[in-house]
Amino acid sequence: DTGVSQNPRHKITKRGQNVTFRCDPISEHNRLYWYRQTLGQGPEFLTYFQNEAQLEKSRLLSDRFSAERPKGSFSTLEIQRTEQGDSAMYLCASDGQAQETQYFGPGTRLLVL
Amino acid sequence: AQTVTQSQPEMSVQEAETVTLSCTYDTSESDYYLFWYKQPPSRQMILVIRQEAYKQQNATENRFSVNFQKAAKSFSLKISDSQLGDAAMYFCASQDSNYQLIWGAGTKLIIKP
């Protein structure tokens, strides 16, 4: 499978716990994006990387959120001290320099109890 | 800041007929991309069609075509010969020079057999 993959697909956690999600982009893509989508809404941009550099962060990304892409390949998104408002689908996408079309993974659905 | 507006929360169409989904956007950029994505229930975001703003010709992909009116900042999607598999949420999105996608709220498309 050469598409974008995300793990886990579902995560249930208790308020106050930390969670980490992983995204593996399409192998030749150097840009990687994170979006958040709440039920019935369009996605909202969180952050993006070009190779290992994090170039843009939304103000939605509070200090409890951190994202990394240490070797310019896979990326992780960590949420510390989760809150019920963090419950959402977290989407990852990637694209390459010549394409400018983002391809999406299946998402990680987070439920904070 | 860029904005994208989809004014139709829900649309329905008889199988084999044609339906048009509306989208308007606002941007101060001169060069940008516009996209339609579909998101079937519990499935991932899939690219339907994309349009480069500098191209006057409307993009077409099989049964899917757009009506791009740059001056009016309008970008509607026409689906011909609607099929049951077209049922999904359809999102319009614009991409700015920072590569992030700005999304509309989506239109739920129902196909009546």
# chains A, B, ... in the order shown; residues from 1 in each chain; ligands from 1
>>> interface_residues(of="chain B", to="chain A", cutoff="7 Å", atoms="only C-alpha atoms", output="list in words")
Arg43, Gln44, Met45, Phe91, Gln100, Leu101, Trp103, Gly104, Ala105 and Gly106 of chain B
>>> residues_around(residues="Ser5 in chain A", least_positions_apart="2", cutoff="9 Å", atoms="only C-alpha atoms", output="ChimeraX atom specification")
/A:1-3,7,22-26,92,104-107
>>> residues_around(residues="range 71-87 of chain B", least_positions_apart="4", cutoff="9 Å", atoms="only C-alpha atoms", output="PyMOL selection string")
chain B and resi 13-27+34-36+38-41+49+51+62-67+92+108-113
>>> write_last_selection(atoms="C-alpha atoms", output="JSON list (two decimals), in the first residue's frame")
[["chain", "number", "residue", "atom", "x", "y", "z"],
["B", 13, "VAL", "CA", -30.47, 13.76, -6.32],
["B", 14, "GLN", "CA", -32.09, 10.88, -8.11],
["B", 15, "GLU", "CA", -29.73, 8.19, -9.33],
["B", 16, "ALA", "CA", -28.53, 8.86, -12.90],
["B", 17, "GLU", "CA", -29.41, 12.55, -12.72],
["B", 18, "THR", "CA", -27.15, 15.59, -12.46],
["B", 19, "VAL", "CA", -26.48, 17.65, -9.35],
["B", 20, "THR", "CA", -24.47, 20.82, -8.73],
["B", 21, "LEU", "CA", -22.82, 21.66, -5.42],
["B", 22, "SER", "CA", -21.99, 25.29, -4.72],
["B", 23, "CYS", "CA", -18.87, 26.83, -3.26],
["B", 24, "THR", "CA", -17.66, 30.40, -2.92],
["B", 25, "TYR", "CA", -14.32, 31.51, -1.59],
["B", 26, "ASP", "CA", -12.45, 34.63, -0.72],
["B", 27, "THR", "CA", -8.73, 35.17, -1.14],
["B", 34, "LEU", "CA", -9.14, 24.96, -5.49],
["B", 35, "PHE", "CA", -10.24, 21.43, -4.67],
["B", 36, "TRP", "CA", -13.26, 19.27, -4.18],
["B", 38, "LYS", "CA", -15.37, 13.66, -0.91],
["B", 39, "GLN", "CA", -15.57, 11.88, 2.42],
["B", 40, "PRO", "CA", -17.82, 8.79, 2.45],
["B", 41, "PRO", "CA", -19.23, 7.77, 5.84],
["B", 49, "ILE", "CA", -11.04, 17.28, -8.70],
["B", 51, "GLN", "CA", -8.48, 23.58, -10.39],
["B", 62, "ASN", "CA", -14.99, 11.71, -15.93],
["B", 63, "ARG", "CA", -18.47, 12.46, -14.49],
["B", 64, "PHE", "CA", -17.18, 15.32, -12.37],
["B", 65, "SER", "CA", -16.66, 18.83, -13.67],
["B", 66, "VAL", "CA", -16.33, 22.29, -12.20],
["B", 67, "ASN", "CA", -17.65, 25.71, -13.11],
["B", 92, "CYS", "CA", -14.64, 22.49, -1.13],
["B", 108, "LYS", "CA", -23.97, 16.04, 2.41],
["B", 109, "LEU", "CA", -24.99, 14.43, -0.89],
["B", 110, "ILE", "CA", -27.79, 11.87, -0.81],
["B", 111, "ILE", "CA", -28.43, 9.66, -3.83],
["B", 112, "LYS", "CA", -32.00, 8.39, -4.17],
["B", 113, "PRO", "CA", -32.26, 5.00, -5.89]]
>>> select_by_dssp(residues="range 22-109 of chain B", states="strand (DSSP E or B)", output="PyMOL selection string")
chain B and resi 24-26+33-39+46-52+60-61+64-69+74-79+88-95+101-103+107-109
>>> atom_distance(atom1="CA of Ser62 in chain A", atom2="CA of Val4 in chain A")
25.2 Å
>>> atom_distance(atom1="CA of Thr82 in chain A", atom2="CA of Arg59 in chain A")
17.2 Å
>>> decode(residues="range 79-92 of chain A", atoms="N, CA, C and O atoms", output="short mmCIF file (atom, residue, chain, number, x, y, z; two decimals), in the first residue's frame")
data_model
loop_
_atom_site.label_atom_id
_atom_site.label_comp_id
_atom_site.auth_asym_id
_atom_site.auth_seq_id
_atom_site.Cartn_x
_atom_site.Cartn_y
_atom_site.Cartn_z
N ILE A 79 -0.74 14.86 22.20
CA ILE A 79 -1.60 15.74 22.97
C ILE A 79 -1.40 15.40 24.44
O ILE A 79 -1.60 14.26 24.86
N GLN A 80 -0.96 16.37 25.20
CA GLN A 80 -0.77 16.18 26.63
C GLN A 80 -2.00 16.66 27.40
O GLN A 80 -2.69 17.58 26.97
N ARG A 81 -2.25 16.01 28.52
CA ARG A 81 -3.35 16.40 29.43
C ARG A 81 -4.65 16.60 28.61
O ARG A 81 -5.25 17.68 28.60
N THR A 82 -5.07 15.55 27.96
CA THR A 82 -6.22 15.65 27.07
C THR A 82 -7.45 16.20 27.77
O THR A 82 -7.68 15.96 28.97
N GLU A 83 -8.25 16.91 27.00
CA GLU A 83 -9.52 17.48 27.46
C GLU A 83 -10.63 16.94 26.57
O GLU A 83 -10.38 16.49 25.45
N GLN A 84 -11.86 17.00 27.07
CA GLN A 84 -12.98 16.47 26.28
C GLN A 84 -13.11 17.20 24.94
O GLN A 84 -13.50 16.61 23.94
N GLY A 85 -12.74 18.46 24.91
CA GLY A 85 -12.79 19.23 23.66
C GLY A 85 -11.80 18.79 22.62
O GLY A 85 -11.86 19.23 21.47
N ASP A 86 -10.86 17.92 23.00
CA ASP A 86 -9.90 17.39 22.04
C ASP A 86 -10.50 16.24 21.23
O ASP A 86 -9.89 15.79 20.25
N SER A 87 -11.66 15.77 21.61
CA SER A 87 -12.30 14.67 20.88
C SER A 87 -12.58 15.12 19.45
O SER A 87 -13.24 16.14 19.22
N ALA A 88 -12.05 14.38 18.50
CA ALA A 88 -12.13 14.77 17.08
C ALA A 88 -11.48 13.69 16.25
O ALA A 88 -10.89 12.74 16.77
N MET A 89 -11.56 13.88 14.92
CA MET A 89 -10.78 13.06 14.00
C MET A 89 -9.52 13.85 13.67
O MET A 89 -9.61 15.03 13.30
N TYR A 90 -8.38 13.21 13.78
CA TYR A 90 -7.10 13.85 13.44
C TYR A 90 -6.63 13.27 12.11
O TYR A 90 -6.37 12.08 12.00
N LEU A 91 -6.53 14.14 11.13
CA LEU A 91 -6.20 13.74 9.77
C LEU A 91 -4.77 14.13 9.43
O LEU A 91 -4.31 15.22 9.79
N CYS A 92 -4.11 13.26 8.71
CA CYS A 92 -2.78 13.53 8.21
C CYS A 92 -2.83 13.51 6.69
O CYS A 92 -3.58 12.71 6.09
#
